[in-house]
Protein chains: 2
Amino acid sequence: MSTPRPIAVLGGTGPEGFGLALRWAQAGETVIIGSRDAKRAQDAAEKIKQRVGTNAKISGNENIAACAAADFLVLTIPFEGHAALLKQLKPAIRPGSIVIDATVPLAASVGGRATRTLGVWQGSAAQETAELVPKGISVVAAFQNVGAELLNADGLVDCDVIVCSDDPNAIQVVCNLATKIPGVRALDGGKLENARILEQITALLIGLNIRHKGHSGIRITGLPDAAYELV
Amino acid sequence: MSTPRPIAVLGGTGPEGFGLALRWAQAGETVIIGSRDAKRAQDAAEKIKQRVGTNAKISGNENIAACAAADFLVLTIPFEGHAALLKQLKPAIRPGSIVIDATVPLAASVGGRATRTLGVWQGSAAQETAELVPKGISVVAAFQNVGAELLNADGLVDCDVIVCSDDPNAIQVVCNLATKIPGVRALDGGKLENARILEQITALLIGLNIRHKGHSGIRITGLPDAAYELV
């Protein structure tokens, strides 16, 4: 079932956002790539259209305009631009939107290593987001552990997506979006405070990729099939 | 190939330590269960002998005596007893020993939740350990993410063990010990500082177990087979 609500992938010209936009466009979703530069966003959308086909419901626009036209706002921006973008977006966020934060506060944001994270006062980038969005907007942490290389390749994505939020409804909606990516299983990971663990897992995976020359992801074992079923 | 060096599992009467001792005894290793109470340690060893067979090289002793007789010291104690035990053990640790820390600083240690961790000043319980052992003793973080239920059951353990240490040699030795548990794959996870991520993953897995009623573990996907090969 296609979600009738548009997905804006903000920072969607970067590899992670591009890969998510590609996968959702392939699944028939309506996707808007957002970028600081509308032209770059449109170019990225055009590339996806060439890859998916002319029926793909994909377009590109400047971040704020993309935000204003969407119901799902996916943040795939480097951490150093995270808070600033949210402040810009705030007036444009439509009531009832869900903000899906895939940001990882890598130390690389301040000249450190991509195998380390920064301490974020609120506990995680996603919890910082929860402070910066308008009241009543649900924030969901997800997709931090799905590597861009896997998303941009053609095959199945051999990775579980753990979805955390204080809004159980939003968890279900985002689990549903995640499973539109072939190969992905989605799991309710509990409250938004657990985002800190998802964010740190990314730093671990980056280290494993460097050390072992791969494109790593994670799978959770030992849970009943029902854990992956959707409402 | 059996490791000729005895493994002391300190806190080995608890479910995690008992499970590791059981698996290593099954693999033909020489294992000493350590406990505050020598009698409880001997009782646990006897239980393992009944399960593995009379040839099992398993015994039990008070923690300090167990430590003094072993080359691998596996810490499977609750975090609240972690630093105190290490201070007791310090004079008994033999030169050349490797300390393998499976401790997770769960908030449950101070009356909080098992789905949250405490902040440890050094970054992780394992890094605290590195401060408390004699100079020249290598500390390795491993086994935090392998649940006691899986270890104590009969089947394969469907879990990867990520092994972190500042001593690459010790990483190899502990990877070798980990793969003696049927089903386990072991991975070099880099420096000891990454232990903080392994420890937090345990809190996430505990939350998933509660939420989804399972005995979860993790597998890393997307790495070449060579990542799992041993020297």
# chains A, B, ... in the order shown; residues from 1 in each chain; ligands from 1

$ select_by_dssp --residues "region 4-62 of chain B" --states "strand (DSSP E or B)" --output "MDAnalysis selection string"
chainID B and resid 7:10 31:35 58:62

$ closest_atom_pairs --of "chain A" --to "chain B" --cutoff "8 Å" --atoms "only C-alpha atoms" --output "JSON lines"
{"residue": "A:Asp158", "atom": "CA", "partner": "B:Thr221", "partner_atom": "CA", "distance": 6.5}
{"residue": "A:Cys159", "atom": "CA", "partner": "B:Thr221", "partner_atom": "CA", "distance": 7.0}
{"residue": "A:Asp188", "atom": "CA", "partner": "B:Leu208", "partner_atom": "CA", "distance": 7.9}
{"residue": "A:Gly189", "atom": "CA", "partner": "B:Leu208", "partner_atom": "CA", "distance": 6.4}
{"residue": "A:Gly190", "atom": "CA", "partner": "B:Gly207", "partner_atom": "CA", "distance": 7.3}
{"residue": "A:Asn194", "atom": "CA", "partner": "B:Leu204", "partner_atom": "CA", "distance": 7.1}
{"residue": "A:Ile197", "atom": "CA", "partner": "B:Gln200", "partner_atom": "CA", "distance": 6.2}
{"residue": "A:Gln200", "atom": "CA", "partner": "B:Ile197", "partner_atom": "CA", "distance": 6.2}
{"residue": "A:Ile201", "atom": "CA", "partner": "B:Ile197", "partner_atom": "CA", "distance": 6.5}
{"residue": "A:Leu204", "atom": "CA", "partner": "B:Ile197", "partner_atom": "CA", "distance": 7.1}
{"residue": "A:Gly207", "atom": "CA", "partner": "B:Gly190", "partner_atom": "CA", "distance": 7.3}
{"residue": "A:Leu208", "atom": "CA", "partner": "B:Gly189", "partner_atom": "CA", "distance": 6.4}
{"residue": "A:Asn209", "atom": "CA", "partner": "B:Leu223", "partner_atom": "CA", "distance": 7.4}
{"residue": "A:Arg211", "atom": "CA", "partner": "B:Gly190", "partner_atom": "CA", "distance": 7.8}
{"residue": "A:His212", "atom": "CA", "partner": "B:Ala227", "partner_atom": "CA", "distance": 5.5}
{"residue": "A:Lys213", "atom": "CA", "partner": "B:Leu223", "partner_atom": "CA", "distance": 7.0}
{"residue": "A:Gly214", "atom": "CA", "partner": "B:Leu223", "partner_atom": "CA", "distance": 4.6}
{"residue": "A:His215", "atom": "CA", "partner": "B:Gly222", "partner_atom": "CA", "distance": 5.0}
{"residue": "A:Ser216", "atom": "CA", "partner": "B:Gly222", "partner_atom": "CA", "distance": 4.3}
{"residue": "A:Gly217", "atom": "CA", "partner": "B:Thr221", "partner_atom": "CA", "distance": 4.9}
{"residue": "A:Ile218", "atom": "CA", "partner": "B:Ile220", "partner_atom": "CA", "distance": 4.7}
{"residue": "A:Arg219", "atom": "CA", "partner": "B:Arg219", "partner_atom": "CA", "distance": 5.1}
{"residue": "A:Ile220", "atom": "CA", "partner": "B:Ile218", "partner_atom": "CA", "distance": 4.6}
{"residue": "A:Thr221", "atom": "CA", "partner": "B:Gly217", "partner_atom": "CA", "distance": 4.9}
{"residue": "A:Gly222", "atom": "CA", "partner": "B:Ser216", "partner_atom": "CA", "distance": 4.3}
{"residue": "A:Leu223", "atom": "CA", "partner": "B:Gly214", "partner_atom": "CA", "distance": 4.6}
{"residue": "A:Pro224", "atom": "CA", "partner": "B:Gly214", "partner_atom": "CA", "distance": 6.3}
{"residue": "A:Ala226", "atom": "CA", "partner": "B:His212", "partner_atom": "CA", "distance": 7.8}
{"residue": "A:Ala227", "atom": "CA", "partner": "B:His212", "partner_atom": "CA", "distance": 5.5}

$ residues_around --residues "Arg5 (chain A)" --least-positions-apart "2" --cutoff "10 Å" --atoms "only C-alpha atoms" --output "list of chain:residue names"
A:Ser2, A:Thr3, A:Ile7, A:Ala8, A:Glu29, A:Thr30, A:Val31, A:Ala69, A:Ala70, A:Asp71, A:Phe72, A:Ser97

$ write_last_selection --atoms "C-alpha atoms" --output "tab-separated table (two decimals), in the first residue's frame"
chain	number	residue	atom	x	y	z
A	2	SER	CA	1.42	3.33	-1.00
A	3	THR	CA	1.48	6.10	1.61
A	7	ILE	CA	7.92	12.43	2.09
A	8	ALA	CA	10.43	15.28	2.11
A	29	GLU	CA	5.88	6.92	-2.69
A	30	THR	CA	5.65	10.64	-3.37
A	31	VAL	CA	9.08	12.02	-2.53
A	69	ALA	CA	4.72	20.47	0.99
A	70	ALA	CA	5.26	17.25	2.94
A	71	ASP	CA	3.87	15.22	5.82
A	72	PHE	CA	6.96	13.17	6.54
A	97	SER	CA	3.74	16.05	10.27

$ select_by_dssp --residues "region 1-143 of chain A" --states "alpha helix (DSSP H)" --output "PyMOL selection string"
chain A and resi 15-26+38-52+63-68+82-89+125-132

$ residues_around --residues "region 123-140 of chain B" --least-positions-apart "6" --cutoff "8 Å" --atoms "only C-alpha atoms" --output "JSON, numbers by chain"
{"B": [79, 83, 86, 87, 90, 93, 95, 96, 97, 98, 99, 100, 101, 102, 103, 104, 105, 163, 164, 165, 166, 167, 170, 171, 174, 192, 193, 195, 196, 199]}

$ closest_residue --among "B:Gly17, B:Arg23, B:Ala65, B:Thr76" --to "Leu177 (chain B)" --atoms "only C-alpha atoms"
B:Arg23

$ residues_around --residues "Lys57 (chain B)" --least-positions-apart "2" --cutoff "10 Å" --atoms "only C-alpha atoms" --output "list of chain:residue names"
B:Pro6, B:Trp24, B:Ala25, B:Gln26, B:Ala27, B:Gly28, B:Glu29, B:Thr30, B:Val31, B:Ile32, B:Ala45, B:Ile48, B:Lys49, B:Val52, B:Gly53, B:Thr54, B:Asn55, B:Ser59

$ residues_around --residues "Val9 (chain B)" --least-positions-apart "6" --cutoff "9 Å" --atoms "only C-alpha atoms" --output "ChimeraX atom specification"
/B:17-18,20-21,31-35,63,66-67,72-76

$ write_last_selection --atoms "C-alpha atoms" --output "compact mmCIF listing (two decimals), in the first residue's frame"
# COMPACT_ATOMS: atom_id res chain seq x y z
CA GLY B 17 28.93 -16.10 33.67
CA PHE B 18 27.43 -19.54 34.18
CA LEU B 20 29.91 -18.68 29.31
CA ALA B 21 31.56 -21.19 31.67
CA VAL B 31 37.38 -23.14 33.39
CA ILE B 32 37.30 -21.91 36.97
CA ILE B 33 34.09 -20.37 38.20
CA GLY B 34 34.72 -17.57 40.64
CA SER B 35 32.30 -16.28 43.27
CA ASN B 63 37.05 -15.00 43.14
CA ALA B 66 40.17 -18.26 40.85
CA CYS B 67 41.91 -15.16 39.50
CA PHE B 72 41.96 -15.24 31.22
CA LEU B 73 39.82 -13.31 33.68
CA VAL B 74 36.26 -12.85 32.52
CA LEU B 75 34.24 -10.24 34.43
CA THR B 76 30.52 -11.07 34.52

$ closest_residue --among "A:Leu85, A:Leu10, A:Ala38, A:Ile206" --to "Ala114 (chain A)" --atoms "only C-alpha atoms"
A:Ile206

$ atom_distance --atom1 "CA of Gly81 (chain B)" --atom2 "CA of Gly19 (chain B)"
19.5 Å

$ atom_distance --atom1 "CA of Ala148 (chain B)" --atom2 "CA of Ala68 (chain B)"
25.6 Å

$ atom_distance --atom1 "CA of Cys175 (chain A)" --atom2 "CA of Phe143 (chain A)"
10.3 Å

$ closest_residue --among "A:Ile210, A:Asn169, A:Arg113, A:Gly155" --to "Gly183 (chain A)" --atoms "only C-alpha atoms"
A:Gly155
